[in-house]
Amino acid sequence: MAKRMRDIEPSPTLSITSLAKKMMTEGKDVINFAAGEPDFDTPEPIKKIAKEAIDTGFTKYTSSSGIAELKDIICAKFKRDNRLNYTQDQIVVSCGAKHSLYNVFQVLCNPADEVVLIAPYWVSYPEMIKMAGAKPVVVKAKESDGFEVPISALKKAITKKTKAIILNSPSNPAGVTYSLKELEEIAEIVVSNKIFVISDEIYEKLIYDEKKHVSIGSLGGGIYKQTITVNGVSKSYSMTGWRIGYLGADSSIIKEISILQSHSTSNPTSISQKAALGALQLPKKAIDDMRAEFENRRNCMIKRLDEIPSLTYTKPSGAFYVFCNIQKTGFKAQEFAKNLLEEKLVAVIPGEAFGFDDHVRLSFATNIEKINEGMDRIKEWLKQ
Ligand SMILES: Cc1ncc(COP(=O)(O)O)c(C=O)c1O
């Protein structure tokens, strides 16, 4: 096997999720707080467009960086939702935002380049950076700061080798949403150090407490050219299995990613591209309703967590996870997750995956009834 793979860990979130799914297919009554995907079905109008695509024979190779029609809709979306002006030659459509991010690291990073990321971070960032031969530089955010990274710590992490900073707002797993002021400060660091910011905005629609999502690339002062804005349809439209992600960036970056993609995956699935076209044109109400339901679920989960003194948390203002501190339980995260799944059939993700071994991630992408049932089980288990 290639030396390159020696240092790459399997995705721990996918492994616990597939174990929970396996147990469910065996008929076990598992409450899945490990899920990284909405439990809603893909909306009907999206499925209808996909069915039409199949029936009309839209089943062949497309342009490898995505169909022009979809790129146009993505440009309109960026303009409407994010105040970002991109043209078709600044867009690549890929097989999920994960693939978009993978492509970015592959085309930007040289060996020994450093990429700065903020912990707790999404599991795949460090491994993707390593797969590109570069070095992840982790800046740990403190729970006492609401998991927001102090700007001074971020500044300190920048060296001559830094190629980019990854920003994920709202974030997985802590649900951190950066304010305009913080984004302006980060933008200032990026511009003054002549590096890139890779802005993963996959959870932009799932934002609570009247907070507003701001795209860092839309701030003035030169940051636009140094921003790669990544997004996708997985989380906002309940389309995780369709595998469509996209990014907007300077056309010089797009050119390289298009070449890379043309020799690796070629186009993302033709039918899914049509489905994404439908998703990005759905009436706003469909997304608003889903967001409101997620906010109810978050409120329910944190209310129930308040009944368990040994679990503490920082209230998430976005995404669909609560990152819980389990220090007071005396367990390490792996042990906590394993025992809870075996003894009470509740699946959670151990925090090691995100750079914190004294935390677990609970997903509230499941209905209120299940949230209550799962929280009852956790409460009882910890009492025992
Ligand atoms: C922060 C973050 N970015 C990107 C992704 C990738 O999403 P997808 O590849 O399904 O578009 C995920 C999925 O869990 C995520 O949590």
# chains A, B, ... in the order shown; residues from 1 in each chain; ligands from 1

$ closest_atom_pairs --of "chain A" --to "ligand 1" --cutoff "10 Å" --atoms "only C-alpha atoms and all ligand atoms" --output "Markdown table"
| residue | atom | partner | partner_atom_place_in_ligand_line | distance |
| --- | --- | --- | --- | --- |
| A:Thr13 | CA | ligand 1 | 14 (O) | 8.8 |
| A:Leu14 | CA | ligand 1 | 14 (O) | 9.3 |
| A:Ala35 | CA | ligand 1 | 14 (O) | 9.0 |
| A:Gly36 | CA | ligand 1 | 14 (O) | 5.4 |
| A:Glu37 | CA | ligand 1 | 14 (O) | 7.2 |
| A:Ser94 | CA | ligand 1 | 11 (O) | 8.9 |
| A:Cys95 | CA | ligand 1 | 9 (O) | 7.0 |
| A:Gly96 | CA | ligand 1 | 9 (O) | 3.6 |
| A:Ala97 | CA | ligand 1 | 11 (O) | 3.5 |
| A:Lys98 | CA | ligand 1 | 9 (O) | 3.7 |
| A:His99 | CA | ligand 1 | 9 (O) | 6.2 |
| A:Ser100 | CA | ligand 1 | 9 (O) | 7.8 |
| A:Leu101 | CA | ligand 1 | 4 (C) | 7.6 |
| A:Tyr102 | CA | ligand 1 | 9 (O) | 9.8 |
| A:Tyr121 | CA | ligand 1 | 1 (C) | 7.8 |
| A:Trp122 | CA | ligand 1 | 1 (C) | 5.2 |
| A:Val123 | CA | ligand 1 | 16 (O) | 8.1 |
| A:Ser124 | CA | ligand 1 | 3 (N) | 8.1 |
| A:Tyr125 | CA | ligand 1 | 3 (N) | 8.5 |
| A:Leu167 | CA | ligand 1 | 1 (C) | 9.3 |
| A:Asn168 | CA | ligand 1 | 1 (C) | 6.2 |
| A:Ser169 | CA | ligand 1 | 1 (C) | 8.3 |
| A:Pro170 | CA | ligand 1 | 1 (C) | 8.2 |
| A:Ser171 | CA | ligand 1 | 1 (C) | 6.1 |
| A:Asn172 | CA | ligand 1 | 1 (C) | 5.0 |
| A:Pro173 | CA | ligand 1 | 16 (O) | 7.6 |
| A:Gly175 | CA | ligand 1 | 1 (C) | 9.9 |
| A:Ser199 | CA | ligand 1 | 3 (N) | 9.6 |
| A:Asp200 | CA | ligand 1 | 3 (N) | 6.0 |
| A:Glu201 | CA | ligand 1 | 3 (N) | 7.4 |
| A:Ile202 | CA | ligand 1 | 3 (N) | 5.7 |
| A:Tyr203 | CA | ligand 1 | 1 (C) | 7.3 |
| A:Val230 | CA | ligand 1 | 4 (C) | 8.3 |
| A:Asn231 | CA | ligand 1 | 11 (O) | 7.1 |
| A:Gly232 | CA | ligand 1 | 11 (O) | 5.0 |
| A:Val233 | CA | ligand 1 | 11 (O) | 6.4 |
| A:Ser234 | CA | ligand 1 | 10 (O) | 4.8 |
| A:Lys235 | CA | ligand 1 | 10 (O) | 7.0 |
| A:Ser236 | CA | ligand 1 | 11 (O) | 9.8 |
| A:Ser238 | CA | ligand 1 | 10 (O) | 9.6 |
| A:Met239 | CA | ligand 1 | 10 (O) | 7.8 |
| A:Thr240 | CA | ligand 1 | 10 (O) | 5.0 |
| A:Gly241 | CA | ligand 1 | 10 (O) | 7.4 |
| A:Trp242 | CA | ligand 1 | 10 (O) | 8.4 |
| A:Arg243 | CA | ligand 1 | 10 (O) | 6.1 |
| A:Ile244 | CA | ligand 1 | 11 (O) | 6.1 |
| A:Gly245 | CA | ligand 1 | 11 (O) | 5.0 |
| A:Tyr246 | CA | ligand 1 | 11 (O) | 8.3 |
| A:Ala319 | CA | ligand 1 | 16 (O) | 8.4 |
| A:Phe320 | CA | ligand 1 | 16 (O) | 9.6 |
| A:Tyr321 | CA | ligand 1 | 16 (O) | 9.9 |

$ write_last_selection --atoms "C-alpha atoms" --output "tab-separated table (two decimals), in the first residue's frame"
chain	number	residue	atom	x	y	z
A	13	THR	CA	-18.34	9.32	12.19
A	14	LEU	CA	-19.14	7.08	9.25
A	35	ALA	CA	-26.53	10.93	12.23
A	36	GLY	CA	-24.90	13.61	10.13
A	37	GLU	CA	-27.92	13.94	7.88
A	94	SER	CA	-18.68	18.01	-7.53
A	95	CYS	CA	-19.84	14.79	-5.86
A	96	GLY	CA	-20.71	16.40	-2.51
A	97	ALA	CA	-19.12	19.26	-0.61
A	98	LYS	CA	-16.65	16.69	0.73
A	99	HIS	CA	-15.43	16.17	-2.82
A	100	SER	CA	-15.33	19.93	-3.44
A	101	LEU	CA	-13.10	20.34	-0.38
A	102	TYR	CA	-10.89	17.41	-1.35
A	121	TYR	CA	-13.31	20.59	13.52
A	122	TRP	CA	-15.15	18.43	11.05
A	123	VAL	CA	-13.43	15.03	10.93
A	124	SER	CA	-12.43	15.00	7.31
A	125	TYR	CA	-10.47	18.28	7.19
A	167	LEU	CA	-13.60	28.41	8.26
A	168	ASN	CA	-16.79	26.46	8.97
A	169	SER	CA	-19.70	28.62	10.05
A	170	PRO	CA	-22.12	27.33	11.28
A	171	SER	CA	-19.76	24.63	12.43
A	172	ASN	CA	-19.83	20.90	12.84
A	173	PRO	CA	-19.69	19.72	15.66
A	175	GLY	CA	-22.69	24.75	16.02
A	199	SER	CA	-15.20	28.80	3.75
A	200	ASP	CA	-17.32	25.68	4.27
A	201	GLU	CA	-20.89	27.00	4.39
A	202	ILE	CA	-22.74	23.70	4.13
A	203	TYR	CA	-24.89	24.46	7.22
A	230	VAL	CA	-17.92	25.69	-0.53
A	231	ASN	CA	-21.52	24.60	-0.25
A	232	GLY	CA	-23.85	21.78	-1.28
A	233	VAL	CA	-27.39	20.48	-1.22
A	234	SER	CA	-26.92	17.65	1.31
A	235	LYS	CA	-27.90	19.32	4.55
A	236	SER	CA	-30.25	22.11	3.45
A	238	SER	CA	-32.09	16.56	2.76
A	239	MET	CA	-30.12	15.26	-0.21
A	240	THR	CA	-27.10	13.59	1.37
A	241	GLY	CA	-27.29	10.53	-0.88
A	242	TRP	CA	-27.53	12.48	-4.13
A	243	ARG	CA	-23.94	13.69	-3.74
A	244	ILE	CA	-23.89	17.23	-5.05
A	245	GLY	CA	-21.58	19.90	-3.71
A	246	TYR	CA	-20.20	23.01	-5.38
A	319	ALA	CA	-26.07	23.06	12.24
A	320	PHE	CA	-27.80	20.10	13.99
A	321	TYR	CA	-25.46	18.94	16.70

$ residues_around --residues "Leu19 of chain A" --least-positions-apart "4" --cutoff "12 Å" --atoms "only C-alpha atoms" --output "VMD selection string"
chain A and resid 12 to 15 23 to 26 28 30 32 34 to 35 337 to 338 341 to 342 345 to 349

$ write_last_selection --atoms "C-alpha atoms" --output "compact mmCIF listing (two decimals), in the first residue's frame"
# COMPACT_ATOMS: atom_id res chain seq x y z
CA PRO A 12 -14.99 7.66 12.73
CA THR A 13 -18.34 9.32 12.19
CA LEU A 14 -19.14 7.08 9.25
CA SER A 15 -18.05 3.95 11.12
CA MET A 23 -27.98 -2.70 14.35
CA MET A 24 -31.21 -1.07 13.11
CA THR A 25 -31.43 -3.45 10.14
CA GLU A 26 -31.02 -6.31 12.62
CA LYS A 28 -32.62 -3.33 17.21
CA VAL A 30 -31.46 2.14 18.14
CA ASN A 32 -29.52 7.45 16.31
CA ALA A 34 -24.91 9.91 15.49
CA ALA A 35 -26.53 10.93 12.23
CA ALA A 337 -20.09 6.08 23.00
CA LYS A 338 -19.37 2.35 22.91
CA LEU A 341 -24.62 2.05 22.21
CA GLU A 342 -24.19 -1.47 23.62
CA LEU A 345 -28.86 1.42 22.06
CA VAL A 346 -28.17 5.13 21.71
CA ALA A 347 -25.59 6.09 19.08
CA VAL A 348 -23.45 9.22 19.60
CA ILE A 349 -20.13 10.24 18.05

$ atom_distance --atom1 "atom CA of Val190 of chain A" --atom2 "atom CA of Gln226 of chain A"
7.6 Å

$ select_by_dssp --residues "segment 96-226 of chain A" --states "alpha helix (DSSP H)" --output "PyMOL selection string"
chain A and resi 97-108+124-131+151-157+180-192

$ write_last_selection --atoms "N, CA and C atoms" --output "short mmCIF file (atom, residue, chain, number, x, y, z; two decimals), in the first residue's frame"
data_model
loop_
_atom_site.label_atom_id
_atom_site.label_comp_id
_atom_site.auth_asym_id
_atom_site.auth_seq_id
_atom_site.Cartn_x
_atom_site.Cartn_y
_atom_site.Cartn_z
N ALA A 97 -20.04 18.22 -1.06
CA ALA A 97 -19.12 19.26 -0.61
C ALA A 97 -17.81 18.64 -0.15
N LYS A 98 -17.87 17.40 0.32
CA LYS A 98 -16.65 16.69 0.73
C LYS A 98 -15.69 16.61 -0.46
N HIS A 99 -16.25 16.27 -1.61
CA HIS A 99 -15.43 16.17 -2.82
C HIS A 99 -14.91 17.55 -3.24
N SER A 100 -15.77 18.57 -3.10
CA SER A 100 -15.33 19.93 -3.44
C SER A 100 -14.11 20.29 -2.59
N LEU A 101 -14.21 20.00 -1.29
CA LEU A 101 -13.10 20.34 -0.38
C LEU A 101 -11.84 19.54 -0.71
N TYR A 102 -12.02 18.26 -0.99
CA TYR A 102 -10.89 17.41 -1.35
C TYR A 102 -10.15 18.01 -2.56
N ASN A 103 -10.94 18.40 -3.56
CA ASN A 103 -10.35 19.01 -4.76
C ASN A 103 -9.56 20.27 -4.42
N VAL A 104 -10.11 21.09 -3.52
CA VAL A 104 -9.45 22.35 -3.17
C VAL A 104 -8.05 22.06 -2.60
N PHE A 105 -7.99 21.15 -1.63
CA PHE A 105 -6.68 20.86 -1.02
C PHE A 105 -5.71 20.29 -2.06
N GLN A 106 -6.22 19.44 -2.96
CA GLN A 106 -5.36 18.84 -3.97
C GLN A 106 -4.75 19.89 -4.89
N VAL A 107 -5.53 20.91 -5.25
CA VAL A 107 -4.98 21.88 -6.21
C VAL A 107 -4.20 23.01 -5.54
N LEU A 108 -4.45 23.24 -4.24
CA LEU A 108 -3.76 24.37 -3.59
C LEU A 108 -2.46 23.99 -2.90
N SER A 124 -13.16 15.28 8.56
CA SER A 124 -12.43 15.00 7.31
C SER A 124 -11.38 16.05 6.96
N TYR A 125 -11.45 17.24 7.57
CA TYR A 125 -10.47 18.28 7.19
C TYR A 125 -9.01 17.81 7.36
N PRO A 126 -8.61 17.35 8.56
CA PRO A 126 -7.19 17.01 8.71
C PRO A 126 -6.74 15.91 7.75
N GLU A 127 -7.61 14.91 7.55
CA GLU A 127 -7.22 13.79 6.68
C GLU A 127 -7.10 14.25 5.22
N MET A 128 -8.00 15.14 4.80
CA MET A 128 -7.95 15.64 3.42
C MET A 128 -6.68 16.47 3.20
N ILE A 129 -6.32 17.23 4.24
CA ILE A 129 -5.11 18.06 4.13
C ILE A 129 -3.90 17.14 4.00
N LYS A 130 -3.88 16.08 4.83
CA LYS A 130 -2.75 15.15 4.78
C LYS A 130 -2.70 14.42 3.44
N MET A 131 -3.87 14.08 2.90
CA MET A 131 -3.90 13.39 1.60
C MET A 131 -3.32 14.26 0.49
N ILE A 151 -9.00 35.51 18.02
CA ILE A 151 -8.30 35.97 16.80
C ILE A 151 -6.78 35.96 17.02
N SER A 152 -6.35 36.27 18.26
CA SER A 152 -4.91 36.29 18.54
C SER A 152 -4.30 34.89 18.33
N ALA A 153 -5.05 33.84 18.72
CA ALA A 153 -4.54 32.47 18.55
C ALA A 153 -4.44 32.11 17.07
N LEU A 154 -5.40 32.59 16.32
CA LEU A 154 -5.40 32.33 14.89
C LEU A 154 -4.19 33.00 14.22
N LYS A 155 -3.95 34.23 14.64
CA LYS A 155 -2.82 35.00 14.09
C LYS A 155 -1.51 34.29 14.36
N LYS A 156 -1.40 33.77 15.59
CA LYS A 156 -0.17 33.11 16.01
C LYS A 156 0.12 31.85 15.17
N ALA A 157 -0.94 31.22 14.70
CA ALA A 157 -0.78 29.95 13.97
C ALA A 157 -0.28 30.16 12.54
N LEU A 180 -20.30 39.00 12.27
CA LEU A 180 -19.73 39.83 11.22
C LEU A 180 -18.35 40.36 11.66
N LYS A 181 -18.27 40.79 12.92
CA LYS A 181 -17.03 41.38 13.41
C LYS A 181 -15.89 40.34 13.37
N GLU A 182 -16.21 39.12 13.83
CA GLU A 182 -15.18 38.06 13.82
C GLU A 182 -14.75 37.74 12.39
N LEU A 183 -15.73 37.70 11.50
CA LEU A 183 -15.40 37.39 10.11
C LEU A 183 -14.52 38.49 9.51
N GLU A 184 -14.80 39.73 9.87
CA GLU A 184 -13.98 40.83 9.36
C GLU A 184 -12.55 40.70 9.86
N GLU A 185 -12.42 40.29 11.12
CA GLU A 185 -11.06 40.13 11.67
C GLU A 185 -10.32 38.98 10.99
N ILE A 186 -11.05 37.89 10.74
CA ILE A 186 -10.41 36.75 10.05
C ILE A 186 -10.03 37.17 8.62
N ALA A 187 -10.94 37.89 7.97
CA ALA A 187 -10.66 38.35 6.60
C ALA A 187 -9.40 39.20 6.57
N GLU A 188 -9.25 40.01 7.58
CA GLU A 188 -8.08 40.91 7.65
C GLU A 188 -6.78 40.07 7.72
N ILE A 189 -6.83 39.00 8.54
CA ILE A 189 -5.65 38.11 8.66
C ILE A 189 -5.35 37.46 7.31
N VAL A 190 -6.40 37.01 6.64
CA VAL A 190 -6.23 36.31 5.35
C VAL A 190 -5.62 37.25 4.31
N VAL A 191 -6.17 38.45 4.24
CA VAL A 191 -5.71 39.40 3.22
C VAL A 191 -4.27 39.84 3.53
N SER A 192 -4.02 40.17 4.79
CA SER A 192 -2.68 40.71 5.10
C SER A 192 -1.58 39.65 4.97
#

$ closest_residue --among "A:Val115, A:Ala333, A:Ala275, A:Asp250" --to "Lys51 of chain A" --atoms "only C-alpha atoms"
A:Ala275

$ select_by_dssp --residues "segment 119-196 of chain A" --states "strand (DSSP E or B)" --output "list in words"
Ala119, Lys135, Pro136, Val137, Val138, Val139, Lys140, Thr162, Lys163, Ala164, Ile165, Ile166, Leu167, Asn168 and Phe196 of chain A

$ write_last_selection --atoms "N, CA and C atoms" --output "mmCIF file, in the first residue's frame"
data_model
loop_
_atom_site.group_PDB
_atom_site.id
_atom_site.type_symbol
_atom_site.label_atom_id
_atom_site.label_comp_id
_atom_site.auth_asym_id
_atom_site.auth_seq_id
_atom_site.Cartn_x
_atom_site.Cartn_y
_atom_site.Cartn_z
ATOM 1 N N ALA A 119 -10.190 23.678 16.039
ATOM 2 C CA ALA A 119 -10.815 22.536 16.717
ATOM 3 C C ALA A 119 -11.832 23.053 17.730
ATOM 4 N N LYS A 135 0.225 19.914 5.828
ATOM 5 C CA LYS A 135 0.197 19.671 7.273
ATOM 6 C C LYS A 135 -0.963 20.448 7.926
ATOM 7 N N PRO A 136 -1.840 19.707 8.641
ATOM 8 C CA PRO A 136 -2.895 20.435 9.356
ATOM 9 C C PRO A 136 -2.322 21.109 10.602
ATOM 10 N N VAL A 137 -2.619 22.363 10.807
ATOM 11 C CA VAL A 137 -2.183 23.077 12.012
ATOM 12 C C VAL A 137 -3.454 23.411 12.796
ATOM 13 N N VAL A 138 -3.563 22.774 13.962
ATOM 14 C CA VAL A 138 -4.825 22.885 14.701
ATOM 15 C C VAL A 138 -4.755 23.995 15.740
ATOM 16 N N VAL A 139 -5.724 24.889 15.712
ATOM 17 C CA VAL A 139 -5.863 25.904 16.755
ATOM 18 C C VAL A 139 -7.079 25.493 17.578
ATOM 19 N N LYS A 140 -6.827 25.222 18.847
ATOM 20 C CA LYS A 140 -7.922 24.707 19.664
ATOM 21 C C LYS A 140 -8.748 25.848 20.251
ATOM 22 N N THR A 162 1.972 28.850 5.724
ATOM 23 C CA THR A 162 0.503 28.743 5.710
ATOM 24 C C THR A 162 -0.052 29.019 4.317
ATOM 25 N N LYS A 163 -0.872 28.079 3.846
ATOM 26 C CA LYS A 163 -1.514 28.270 2.543
ATOM 27 C C LYS A 163 -2.944 28.769 2.712
ATOM 28 N N ALA A 164 -3.619 28.251 3.771
ATOM 29 C CA ALA A 164 -5.038 28.603 3.909
ATOM 30 C C ALA A 164 -5.515 28.400 5.342
ATOM 31 N N ILE A 165 -6.652 29.035 5.627
ATOM 32 C CA ILE A 165 -7.384 28.797 6.871
ATOM 33 C C ILE A 165 -8.715 28.180 6.465
ATOM 34 N N ILE A 166 -9.181 27.199 7.248
ATOM 35 C CA ILE A 166 -10.523 26.678 6.978
ATOM 36 C C ILE A 166 -11.489 27.312 7.964
ATOM 37 N N LEU A 167 -12.565 27.806 7.426
ATOM 38 C CA LEU A 167 -13.599 28.409 8.256
ATOM 39 C C LEU A 167 -14.879 27.606 8.014
ATOM 40 N N ASN A 168 -15.543 27.227 9.102
ATOM 41 C CA ASN A 168 -16.785 26.457 8.972
ATOM 42 C C ASN A 168 -17.841 27.088 9.884
ATOM 43 N N PHE A 196 -5.254 31.900 1.598
ATOM 44 C CA PHE A 196 -6.656 31.673 1.212
ATOM 45 C C PHE A 196 -7.503 31.382 2.438
#

$ closest_residue --among "A:Glu148, A:Asp55, A:Glu343, A:Asp89" --to "Ala249 of chain A" --atoms "only C-alpha atoms"
A:Asp89

$ residues_around --residues "Leu247 of chain A" --least-positions-apart "4" --cutoff "6 Å" --atoms "only C-alpha atoms" --output "ChimeraX atom specification"
/A:91-92,229-230

$ write_last_selection --atoms "C-alpha atoms" --output "mmCIF file, in the first residue's frame"
data_model
loop_
_atom_site.group_PDB
_atom_site.id
_atom_site.type_symbol
_atom_site.label_atom_id
_atom_site.label_comp_id
_atom_site.auth_asym_id
_atom_site.auth_seq_id
_atom_site.Cartn_x
_atom_site.Cartn_y
_atom_site.Cartn_z
ATOM 1 C CA ILE A 91 -18.025 27.400 -10.343
ATOM 2 C CA VAL A 92 -17.310 23.662 -10.166
ATOM 3 C CA THR A 229 -16.771 29.293 -0.915
ATOM 4 C CA VAL A 230 -17.918 25.693 -0.531
#

$ closest_residue --among "A:Lys60, A:Phe78, A:Leu84, A:Glu52" --to "Gly220 of chain A" --atoms "only C-alpha atoms"
A:Leu84

$ closest_residue --among "A:Ala141, A:Gln273, A:Leu340, A:Leu362" --to "Ala68 of chain A" --atoms "only C-alpha atoms"
A:Gln273

$ atom_distance --atom1 "atom CA of Ile46 of chain A" --atom2 "atom CA of Leu282 of chain A"
8.3 Å

$ closest_residue --among "A:Ile54, A:Ile73, A:Cys109, A:Val93" --to "Gly248 of chain A" --atoms "only C-alpha atoms"
A:Val93

$ decode --residues "segment 114-154 of chain A" --atoms "C-alpha atoms" --output "JSON list (two decimals), in the first residue's frame"
[["chain", "number", "residue", "atom", "x", "y", "z"],
["A", 114, "GLU", "CA", 0.30, 24.30, 6.28],
["A", 115, "VAL", "CA", -3.45, 24.62, 6.54],
["A", 116, "VAL", "CA", -4.88, 26.12, 9.71],
["A", 117, "LEU", "CA", -8.06, 24.66, 11.14],
["A", 118, "ILE", "CA", -10.03, 25.35, 14.27],
["A", 119, "ALA", "CA", -10.82, 22.54, 16.72],
["A", 120, "PRO", "CA", -13.39, 21.20, 17.29],
["A", 121, "TYR", "CA", -13.31, 20.59, 13.52],
["A", 122, "TRP", "CA", -15.15, 18.43, 11.05],
["A", 123, "VAL", "CA", -13.43, 15.03, 10.93],
["A", 124, "SER", "CA", -12.43, 15.00, 7.31],
["A", 125, "TYR", "CA", -10.47, 18.28, 7.19],
["A", 126, "PRO", "CA", -7.19, 17.01, 8.71],
["A", 127, "GLU", "CA", -7.22, 13.79, 6.68],
["A", 128, "MET", "CA", -7.95, 15.64, 3.42],
["A", 129, "ILE", "CA", -5.11, 18.06, 4.13],
["A", 130, "LYS", "CA", -2.75, 15.15, 4.78],
["A", 131, "MET", "CA", -3.90, 13.39, 1.60],
["A", 132, "ALA", "CA", -2.77, 16.50, -0.28],
["A", 133, "GLY", "CA", 0.66, 16.13, 1.35],
["A", 134, "ALA", "CA", 0.20, 19.24, 3.51],
["A", 135, "LYS", "CA", 0.20, 19.67, 7.27],
["A", 136, "PRO", "CA", -2.90, 20.44, 9.36],
["A", 137, "VAL", "CA", -2.18, 23.08, 12.01],
["A", 138, "VAL", "CA", -4.82, 22.88, 14.70],
["A", 139, "VAL", "CA", -5.86, 25.90, 16.76],
["A", 140, "LYS", "CA", -7.92, 24.71, 19.66],
["A", 141, "ALA", "CA", -10.93, 26.82, 20.59],
["A", 142, "LYS", "CA", -11.90, 26.87, 24.23],
["A", 143, "GLU", "CA", -15.26, 25.78, 25.51],
["A", 144, "SER", "CA", -15.22, 28.76, 27.87],
["A", 145, "ASP", "CA", -15.12, 31.00, 24.76],
["A", 146, "GLY", "CA", -18.16, 29.22, 23.33],
["A", 147, "PHE", "CA", -15.73, 27.34, 21.03],
["A", 148, "GLU", "CA", -15.00, 30.55, 19.15],
["A", 149, "VAL", "CA", -11.34, 30.84, 18.41],
["A", 150, "PRO", "CA", -9.60, 33.94, 19.73],
["A", 151, "ILE", "CA", -8.30, 35.97, 16.80],
["A", 152, "SER", "CA", -4.91, 36.29, 18.54],
["A", 153, "ALA", "CA", -4.54, 32.47, 18.55],
["A", 154, "LEU", "CA", -5.40, 32.33, 14.89]]
